[in-house]
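Pasted below: coords-v4.txt, compact mmCIF, C-alpha atoms.
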# COMPACT_ATOMS: atom_id res chain seq x y z
CA MET A 1 -10.80 50.18 2.96
CA ALA A 2 -10.77 53.97 2.74
CA ARG A 3 -10.45 55.93 5.96
CA SER A 4 -10.64 59.65 6.69
CA SER A 5 -7.34 61.48 6.94
CA GLY A 6 -7.96 62.35 10.59
CA GLU A 7 -8.42 58.71 11.69
CA GLU A 8 -5.49 57.13 13.48
CA PHE A 9 -4.10 53.87 12.20
CA SER A 10 -1.08 51.64 12.73
CA VAL A 11 1.00 49.32 10.55
CA VAL A 12 2.12 45.90 11.81
CA VAL A 13 4.83 44.08 9.82
CA LEU A 14 5.17 40.31 10.36
CA ALA A 15 7.90 38.02 9.10
CA SER A 16 6.40 35.51 6.69
CA ASP A 17 8.09 32.53 8.32
CA LEU A 18 6.82 33.09 11.87
CA GLY A 19 3.63 31.19 11.23
CA VAL A 20 1.38 33.94 12.73
CA ASP A 21 -2.19 34.18 11.47
CA ALA A 22 -2.50 37.85 10.46
CA ARG A 23 -6.30 37.63 10.35
CA SER A 24 -6.38 38.06 14.11
CA LEU A 25 -5.21 41.67 13.58
CA LEU A 26 -8.16 42.52 11.34
CA LEU A 27 -11.34 44.21 12.50
CA PRO A 28 -14.24 41.77 13.05
CA ALA A 29 -16.10 43.00 9.98
CA GLU A 30 -12.98 42.74 7.80
CA ARG A 31 -12.22 39.22 9.11
CA GLN A 32 -15.76 38.02 8.37
CA ALA A 33 -15.62 39.41 4.83
CA GLN A 34 -12.29 37.68 4.19
CA ASP A 35 -13.55 34.34 5.51
CA GLU A 36 -16.56 34.50 3.19
CA ASP A 37 -14.32 35.12 0.17
CA GLU A 38 -11.80 32.35 0.94
CA VAL A 39 -12.17 28.95 -0.68
CA TRP A 40 -10.14 26.06 0.81
CA HIS A 41 -9.16 22.99 -1.19
CA ASP A 42 -8.20 19.73 0.44
CA CYS A 43 -4.93 18.32 -0.84
CA PRO A 44 -5.32 14.66 -1.88
CA PRO A 45 -3.31 12.36 0.41
CA ASN A 46 -1.73 10.53 -2.53
CA LEU A 47 -0.53 13.70 -4.25
CA ILE A 48 3.07 12.63 -3.73
CA ALA A 49 2.42 9.54 -5.82
CA SER A 50 0.65 11.50 -8.54
CA GLY A 51 0.98 10.18 -12.07
CA ASP A 52 1.78 13.69 -13.30
CA GLU A 53 5.49 13.37 -12.50
CA ASP A 54 7.70 11.93 -15.21
CA PHE A 55 9.65 8.89 -14.04
CA SER A 56 10.72 7.73 -17.50
CA ASP A 57 14.40 8.17 -16.62
CA LEU A 58 14.06 5.88 -13.58
CA GLU A 59 11.97 3.40 -15.52
CA ALA A 60 14.72 3.16 -18.15
CA LEU A 61 17.20 2.08 -15.45
CA GLN A 62 15.16 -1.08 -14.76
CA ALA A 63 16.26 -0.91 -11.11
CA PHE A 64 12.66 -1.44 -9.95
CA ARG A 65 10.47 -3.81 -11.95
CA VAL A 66 7.34 -5.81 -11.18
CA GLU A 67 7.57 -9.37 -12.49
CA GLY A 68 5.98 -12.75 -11.67
CA SER A 69 5.09 -14.35 -8.33
CA ASP A 70 6.84 -16.49 -5.74
CA LYS A 71 5.57 -19.94 -4.76
CA ALA A 72 3.36 -18.40 -2.07
CA GLY A 73 1.52 -16.32 -4.68
CA ASN A 74 3.11 -12.98 -3.81
CA ARG A 75 3.78 -10.64 -6.72
CA ILE A 76 7.47 -9.86 -7.15
CA LEU A 77 8.98 -6.38 -7.07
CA ARG A 78 12.51 -6.95 -8.38
CA ILE A 79 15.14 -4.44 -7.25
CA VAL A 80 18.63 -4.57 -8.78
CA GLY A 81 20.92 -2.54 -6.57
CA LYS A 82 23.66 -2.21 -9.20
CA TYR A 83 21.27 -0.39 -11.54
CA PHE A 84 20.47 2.37 -9.03
CA PRO A 85 22.67 5.54 -9.28
CA ALA A 86 22.33 6.70 -5.68
CA PRO A 87 24.53 9.86 -5.90
CA ILE A 88 22.31 11.55 -8.49
CA ILE A 89 18.82 10.61 -7.22
CA SER A 90 17.56 12.30 -4.09
CA GLY A 91 15.81 10.43 -1.33
CA GLU A 92 12.67 12.50 -1.89
CA ARG A 93 12.44 11.53 -5.56
CA LEU A 94 13.19 7.90 -4.72
CA LYS A 95 10.28 7.93 -2.29
CA ARG A 96 7.91 9.43 -4.85
CA TYR A 97 9.00 6.85 -7.42
CA VAL A 98 8.47 3.93 -5.03
CA PHE A 99 5.00 5.23 -4.15
CA TYR A 100 4.20 5.64 -7.84
CA LYS A 101 5.41 2.13 -8.64
CA LEU A 102 3.37 0.52 -5.88
CA SER A 103 0.20 2.50 -6.52
CA THR A 104 0.21 1.88 -10.28
CA GLU A 105 1.55 -1.69 -10.57
CA LEU A 106 0.86 -3.27 -7.17
CA PRO A 107 -2.34 -1.57 -6.02
CA GLU A 108 -3.67 -4.61 -4.17
CA GLY A 109 -2.78 -8.11 -3.04
CA PRO A 110 0.30 -9.47 -1.27
CA PHE A 111 3.72 -8.87 -2.76
CA CYS A 112 7.37 -9.56 -2.04
CA ILE A 113 10.68 -7.90 -2.88
CA VAL A 114 13.62 -9.63 -4.54
CA TYR A 115 16.59 -7.40 -3.88
CA MET A 116 19.79 -8.26 -5.77
CA HIS A 117 22.84 -6.94 -3.93
CA SER A 118 25.34 -8.47 -6.36
CA THR A 119 28.46 -6.30 -6.94
CA VAL A 120 26.80 -3.28 -5.32
CA GLN A 121 29.19 -0.48 -4.36
CA SER A 122 28.13 1.45 -1.26
CA GLU A 123 29.23 4.85 -2.59
CA ASP A 124 27.60 4.36 -6.01
CA ASN A 125 24.43 2.33 -5.49
CA ASN A 126 23.35 2.55 -1.85
CA PRO A 127 21.01 5.43 -0.89
CA GLY A 128 21.64 4.78 2.82
CA MET A 129 19.80 2.86 5.51
CA SER A 130 18.22 6.01 6.97
CA ILE A 131 16.64 6.87 3.60
CA LEU A 132 15.41 3.31 3.12
CA ARG A 133 13.82 3.38 6.57
CA TRP A 134 12.24 6.78 5.84
CA VAL A 135 10.75 5.51 2.56
CA TYR A 136 9.35 2.42 4.30
CA GLU A 137 7.93 4.37 7.23
CA GLU A 138 6.16 6.76 4.83
CA LEU A 139 4.32 3.90 3.14
CA ARG A 140 0.65 3.50 3.91
CA SER A 141 -0.08 0.83 6.50
CA ASP A 142 -1.81 -1.42 3.96
CA TYR A 143 1.33 -1.55 1.80
CA LYS A 144 3.41 -2.54 4.83
CA GLU A 145 0.95 -5.30 5.66
CA ARG A 146 0.86 -6.59 2.07
CA LEU A 147 4.67 -6.83 1.91
CA GLN A 148 5.26 -10.43 2.92
CA VAL A 149 9.00 -11.04 2.55
CA VAL A 150 12.20 -9.43 1.26
CA TYR A 151 14.55 -11.89 -0.49
CA PHE A 152 18.05 -10.42 -0.03
CA LEU A 153 20.23 -12.04 -2.70
CA HIS A 154 24.05 -12.08 -2.30
CA PRO A 155 24.12 -10.03 0.93
CA GLY A 156 27.84 -10.32 1.66
CA LEU A 157 29.53 -10.15 5.05
CA ARG A 158 29.33 -6.37 5.44
CA SER A 159 25.59 -6.25 4.80
CA ARG A 160 24.97 -9.09 7.23
CA LEU A 161 26.96 -7.35 9.95
CA VAL A 162 25.25 -4.00 9.40
CA PHE A 163 21.77 -5.50 9.55
CA ALA A 164 22.66 -7.73 12.49
CA THR A 165 24.05 -4.83 14.57
CA LEU A 166 22.09 -1.79 13.40
CA GLY A 167 19.13 -3.27 11.59
CA ARG A 168 16.84 -3.28 14.61
CA LEU A 169 17.67 0.35 15.30
CA PHE A 170 17.25 1.71 11.78
CA LEU A 171 14.53 -0.62 10.51
CA SER A 172 11.12 -1.10 12.02
CA GLY A 173 10.45 -4.47 13.59
CA GLY A 174 7.96 -5.40 10.88
CA LEU A 175 10.49 -4.96 8.08
CA TYR A 176 13.48 -6.38 9.96
CA TRP A 177 11.87 -9.79 10.46
CA LYS A 178 10.71 -9.97 6.83
CA ILE A 179 14.26 -10.05 5.43
CA LYS A 180 15.39 -13.46 4.20
CA TYR A 181 19.04 -13.79 3.20
CA ILE A 182 19.76 -15.78 0.04
CA SER A 183 23.44 -16.53 -0.53
CA ARG A 184 23.04 -18.40 -3.85
CA LEU A 185 20.60 -18.44 -6.72
CA GLN A 186 19.98 -22.14 -6.16
CA TYR A 187 18.43 -21.31 -2.80
CA LEU A 188 16.24 -18.60 -4.34
CA TRP A 189 14.57 -21.29 -6.46
CA ASP A 190 13.32 -22.89 -3.23
CA ASP A 191 10.87 -19.97 -2.92
CA ILE A 192 10.51 -18.80 -6.51
CA LYS A 193 10.11 -20.90 -9.65
CA LYS A 194 12.63 -20.29 -12.39
CA GLY A 195 11.27 -17.94 -15.00
CA GLN A 196 9.21 -15.89 -12.54
CA VAL A 197 11.97 -13.32 -12.07
CA GLU A 198 14.61 -12.27 -14.58
CA ILE A 199 18.19 -12.61 -13.35
CA PRO A 200 20.65 -10.21 -15.04
CA GLU A 201 23.73 -11.79 -16.58
CA PHE A 202 26.16 -10.10 -14.21
CA VAL A 203 24.20 -11.49 -11.22
CA GLN A 204 24.53 -15.01 -12.64
CA GLN A 205 28.25 -14.52 -13.20
CA HIS A 206 28.71 -13.21 -9.66
CA ASP A 207 26.86 -16.24 -8.36
CA LYS A 208 29.28 -18.52 -10.20
CA VAL A 209 32.25 -16.68 -8.71
CA LEU A 210 30.84 -17.15 -5.22
CA GLU A 211 30.18 -20.81 -5.93
CA HIS A 212 33.83 -21.45 -6.81
CA ARG A 213 35.26 -19.12 -4.16
CA PRO A 214 32.90 -19.49 -1.17
CA LEU A 215 35.21 -17.68 1.27
CA THR A 216 34.29 -14.45 -0.54
CA ASP A 217 30.94 -14.62 1.29
CA TYR A 218 32.84 -13.98 4.51
CA GLY A 219 35.00 -11.17 3.19
CA ILE A 220 38.01 -13.45 2.71
CA GLU A 221 39.66 -13.28 -0.69
CA PRO A 222 41.83 -16.41 -0.96
CA ASP A 223 43.68 -15.21 -4.07
CA PRO A 224 43.18 -11.43 -4.44
CA LEU A 225 45.89 -11.10 -7.11
CA ARG A 226 44.75 -14.26 -8.89
CA LEU A 227 48.28 -15.64 -8.80
CA SER A 228 46.95 -19.12 -9.37
CA GLU A 229 46.03 -18.04 -12.91
CA VAL A 230 49.57 -16.90 -13.79
CA PRO A 231 51.35 -19.48 -16.04
CA ALA A 232 54.28 -21.35 -14.59
CA MET A 233 57.69 -19.73 -15.08
CA GLU A 234 60.01 -22.73 -14.69
CA TYR A 235 60.63 -23.18 -18.39
CA SER A 236 61.32 -19.50 -19.08
CA LEU A 237 63.83 -19.28 -16.26
CA GLY A 238 65.47 -22.53 -17.32
CA ARG A 239 66.27 -21.19 -20.77
CA PHE A 240 68.76 -18.70 -19.29
CA GLU A 241 70.16 -20.95 -16.62
CA ASP A 242 73.61 -21.04 -18.23
CA ARG A 243 73.86 -17.28 -18.57
CA TRP A 244 73.00 -16.72 -14.88
CA ALA A 245 75.46 -19.30 -13.57
CA SER A 246 77.90 -17.90 -10.99
CA PRO A 247 81.53 -17.66 -12.13
CA PRO A 248 83.81 -20.29 -10.63
CA TYR A 249 85.84 -19.24 -7.64
CA MET A 250 89.59 -19.39 -7.98
Can you turn what I pasted into C-alpha cells?
Amino acid sequence: MARSSGEEFSVVVLASDLGVDARSLLLPAERQAQDEDEVWHDCPPNLIASGDEDFSDLEALQAFRVEGSDKAGNRILRIVGKYFPAPIISGERLKRYVFYKLSTELPEGPFCIVYMHSTVQSEDNNPGMSILRWVYEELRSDYKERLQVVYFLHPGLRSRLVFATLGRLFLSGGLYWKIKYISRLQYLWDDIKKGQVEIPEFVQQHDKVLEHRPLTDYGIEPDPLRLSEVPAMEYSLGRFEDRWASPPYM
C-alpha cells in the first residue's frame, strides 16, 4: 500500500520459527482484505497413507505380506523379521508403509499378525521397541480393535525376557495381551491351517534345529563348536603310535 513520504511507519522483523501470527500487526482494513483473499484447504487425515508414495522397494522384500486366514477367520498379515533391513529404513517410512498396507489390503474385518522371529539379528532386522510402539499408537482406533492376535513364532529367550520385563512399559496394554508365543511350527498349526500362510525355507530349517536342540530356546548352546560332528581321531593317532613311543630309559 502506497503511503505519502511524510507519513511515519515502522518495520517489525519476526523470526519465522517463533510461531507468531503476523496478521495481528496489520491495520484492520489490511487484515480484512487478506482474510478475504485467503483460501484454506483441509489436509486429509489419511494423507500419510496416500497411495502416491512408491513402496515397490519394500514390497519386493516380502517382509510384510497379506495371506490367508487363521482358524478364527482373521486375515493374516505375515511379517518375516529376517527380511526387514532395519538400518536403512527409517521409522517414519516404516509407519507410512504399514498404514498403506493396512488401508489397501486390510481395509475392514478382523485380522491377525504372524510374526516370524527366526534367525533375526537385533542390529540388522529390529527397528526397536520404541518405534514399534510408536507405529502401533499412531494406528487408527478401528485398526487396533480389528487386530485380534499376534502369533510370535520362534521368540527366543532374549525376546521373552524383554517383553516380560519391559513389554508393559513400552507396549500398550491392548497390544501386550494380544501376543501369543509360538515356539514351534507344529503349535502354529493349532491356530492356523497348513497352507494358509507361507513358511520360508530358512524358517522351516530353523524350526528343525530347535526341535533337535531344544536347549537353544533358553539361550543354552549344548555344543557351540559342534564337536560331536567331528570324526573320531583314534585311528589316525594309532597309525603313528610307534613313531611317538618314548625312548627306553637306560
Do a neighbour search on A:Glu67 at 12 Å with only C-alpha atoms, toss out local chain neighbours closer than 3 positions, and write the hits as a ChimeraX atom specification. /A:62,64,70,74-79,105-106,111-114,192,195-199
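Between atom CA of A:Glu211 and atom CA of A:Leu132 the interatomic distance comes to 29.7 Å.
Counting from atom CA of A:Pro155, the distance to atom CA of A:Met116 is 8.2 Å.
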Of the listed residues A:His206, A:Arg160, A:Lys194, A:Arg93, that which approaches A:Ser118 most closely, counting all atoms listed in the file: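 Of the candidates, the smallest distance to A:Ser118 is held by A:His206.
The shortest atom-to-atom distance to A:Phe152, with only C-alpha atoms taken into account, belongs to A:Val80 out of A:Val80, A:Ile131, A:Val98, A:Ala164.
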For the atom pair atom CA of A:Lys101 and atom CA of A:Asp52, what is the interatomic distance in Å to one decimal place?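 Between atom CA of A:Lys101 and atom CA of A:Asp52 the gap works out to 13.0 Å.
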A:Phe84 surroundings by only C-alpha atoms, 12 Å radius, close-in-sequence under 4 positions cut, as an mmCIF file with C-alpha atoms, in the frame of the given file:
data_model
loop_
_atom_site.group_PDB
_atom_site.id
_atom_site.type_symbol
_atom_site.label_atom_id
_atom_site.label_comp_id
_atom_site.auth_asym_id
_atom_site.auth_seq_id
_atom_site.Cartn_x
_atom_site.Cartn_y
_atom_site.Cartn_z
ATOM 1 C CA ASP A 57 14.400 8.170 -16.620
ATOM 2 C CA LEU A 58 14.060 5.880 -13.580
ATOM 3 C CA GLU A 59 11.970 3.400 -15.520
ATOM 4 C CA ALA A 60 14.720 3.160 -18.150
ATOM 5 C CA LEU A 61 17.200 2.080 -15.450
ATOM 6 C CA GLN A 62 15.160 -1.080 -14.760
ATOM 7 C CA ALA A 63 16.260 -0.910 -11.110
ATOM 8 C CA PHE A 64 12.660 -1.440 -9.950
ATOM 9 C CA ILE A 79 15.140 -4.440 -7.250
ATOM 10 C CA VAL A 80 18.630 -4.570 -8.780
ATOM 11 C CA ILE A 88 22.310 11.550 -8.490
ATOM 12 C CA ILE A 89 18.820 10.610 -7.220
ATOM 13 C CA SER A 90 17.560 12.300 -4.090
ATOM 14 C CA LEU A 94 13.190 7.900 -4.720
ATOM 15 C CA TYR A 115 16.590 -7.400 -3.880
ATOM 16 C CA MET A 116 19.790 -8.260 -5.770
ATOM 17 C CA HIS A 117 22.840 -6.940 -3.930
ATOM 18 C CA THR A 119 28.460 -6.300 -6.940
ATOM 19 C CA VAL A 120 26.800 -3.280 -5.320
ATOM 20 C CA GLN A 121 29.190 -0.480 -4.360
ATOM 21 C CA SER A 122 28.130 1.450 -1.260
ATOM 22 C CA GLU A 123 29.230 4.850 -2.590
ATOM 23 C CA ASP A 124 27.600 4.360 -6.010
ATOM 24 C CA ASN A 125 24.430 2.330 -5.490
ATOM 25 C CA ASN A 126 23.350 2.550 -1.850
ATOM 26 C CA PRO A 127 21.010 5.430 -0.890
#
Padding of 6 Å on every side, edges along x, y and z, all listed atoms of stretch 58-71 of chain A included: what centre and edge lengths in Å, to one decimal, does that box have, as lines of an AutoDock Vina configuration file?
center_x = 11.1
center_y = -7.0
center_z = -11.5
size_x = 24.1
size_y = 37.8
size_z = 25.4
Working from the structure I just supplied, which lacks atoms in stretch 61-96 of chain A, can you model N, CA and C atoms there and output them as a compact mmCIF listing (two decimals), keeping the file's coordinate frame?
# COMPACT_ATOMS: atom_id res chain seq x y z
N LEU A 61 16.12 2.74 -16.19
CA LEU A 61 17.20 2.08 -15.45
C LEU A 61 16.87 0.61 -15.16
N GLN A 62 15.59 0.28 -15.08
CA GLN A 62 15.16 -1.08 -14.76
C GLN A 62 15.62 -1.52 -13.36
N ALA A 63 15.86 -0.56 -12.48
CA ALA A 63 16.26 -0.91 -11.11
C ALA A 63 15.08 -1.48 -10.33
N PHE A 64 13.88 -0.97 -10.59
CA PHE A 64 12.66 -1.44 -9.95
C PHE A 64 11.73 -1.98 -11.04
N ARG A 65 11.35 -3.24 -10.92
CA ARG A 65 10.47 -3.81 -11.95
C ARG A 65 9.57 -4.87 -11.33
N VAL A 66 8.30 -4.82 -11.65
CA VAL A 66 7.34 -5.81 -11.18
C VAL A 66 7.34 -6.98 -12.16
N GLU A 67 7.50 -8.19 -11.62
CA GLU A 67 7.57 -9.37 -12.49
C GLU A 67 6.54 -10.41 -12.05
N GLY A 68 6.94 -11.68 -11.94
CA GLY A 68 5.98 -12.75 -11.67
C GLY A 68 5.59 -12.86 -10.21
N SER A 69 5.51 -14.09 -9.71
CA SER A 69 5.09 -14.35 -8.33
C SER A 69 5.98 -15.42 -7.73
N ASP A 70 6.11 -15.41 -6.40
CA ASP A 70 6.84 -16.49 -5.74
C ASP A 70 5.89 -17.66 -5.52
N LYS A 71 6.38 -18.73 -4.91
CA LYS A 71 5.57 -19.94 -4.76
C LYS A 71 4.40 -19.75 -3.80
N ALA A 72 4.46 -18.69 -2.98
CA ALA A 72 3.36 -18.40 -2.07
C ALA A 72 2.29 -17.53 -2.71
N GLY A 73 2.50 -17.13 -3.97
CA GLY A 73 1.52 -16.32 -4.68
C GLY A 73 1.72 -14.83 -4.53
N ASN A 74 2.84 -14.40 -3.96
CA ASN A 74 3.11 -12.98 -3.81
C ASN A 74 3.73 -12.41 -5.08
N ARG A 75 3.17 -11.31 -5.56
CA ARG A 75 3.78 -10.64 -6.72
C ARG A 75 5.18 -10.18 -6.37
N ILE A 76 6.05 -10.15 -7.37
CA ILE A 76 7.47 -9.86 -7.15
C ILE A 76 7.79 -8.44 -7.61
N LEU A 77 8.36 -7.66 -6.70
CA LEU A 77 8.98 -6.38 -7.07
C LEU A 77 10.48 -6.62 -7.06
N ARG A 78 11.07 -6.70 -8.26
CA ARG A 78 12.51 -6.95 -8.38
C ARG A 78 13.27 -5.64 -8.28
N ILE A 79 14.28 -5.61 -7.41
CA ILE A 79 15.14 -4.44 -7.25
C ILE A 79 16.58 -4.87 -7.48
N VAL A 80 17.22 -4.27 -8.48
CA VAL A 80 18.63 -4.57 -8.78
C VAL A 80 19.45 -3.39 -8.28
N GLY A 81 20.18 -3.62 -7.19
CA GLY A 81 20.92 -2.54 -6.57
C GLY A 81 21.96 -1.90 -7.48
N LYS A 82 22.60 -2.71 -8.33
CA LYS A 82 23.66 -2.21 -9.20
C LYS A 82 23.12 -1.22 -10.22
N TYR A 83 21.85 -1.28 -10.54
CA TYR A 83 21.27 -0.39 -11.54
C TYR A 83 20.88 0.97 -10.97
N PHE A 84 20.97 1.15 -9.65
CA PHE A 84 20.47 2.37 -9.03
C PHE A 84 21.62 3.36 -8.79
N PRO A 85 21.60 4.54 -9.47
CA PRO A 85 22.67 5.54 -9.28
C PRO A 85 22.37 6.44 -8.09
N ALA A 86 22.69 6.00 -6.91
CA ALA A 86 22.33 6.70 -5.68
C ALA A 86 22.82 8.15 -5.61
N PRO A 87 24.05 8.48 -6.07
CA PRO A 87 24.53 9.86 -5.90
C PRO A 87 23.73 10.91 -6.65
N ILE A 88 22.99 10.53 -7.68
CA ILE A 88 22.31 11.55 -8.49
C ILE A 88 20.80 11.52 -8.33
N ILE A 89 20.27 10.67 -7.45
CA ILE A 89 18.82 10.61 -7.22
C ILE A 89 18.57 10.88 -5.75
N SER A 90 17.82 11.91 -5.47
CA SER A 90 17.56 12.30 -4.09
C SER A 90 16.63 11.31 -3.41
N GLY A 91 16.69 11.29 -2.09
CA GLY A 91 15.81 10.43 -1.33
C GLY A 91 14.35 10.78 -1.53
N GLU A 92 14.05 12.06 -1.68
CA GLU A 92 12.67 12.50 -1.89
C GLU A 92 12.12 11.96 -3.21
N ARG A 93 12.92 12.03 -4.25
CA ARG A 93 12.44 11.53 -5.56
C ARG A 93 12.35 10.01 -5.54
N LEU A 94 13.26 9.35 -4.85
CA LEU A 94 13.19 7.90 -4.72
C LEU A 94 11.88 7.50 -4.03
N LYS A 95 11.52 8.24 -3.00
CA LYS A 95 10.28 7.93 -2.29
C LYS A 95 9.07 8.11 -3.21
N ARG A 96 9.04 9.20 -3.94
CA ARG A 96 7.91 9.43 -4.85
C ARG A 96 7.83 8.35 -5.92
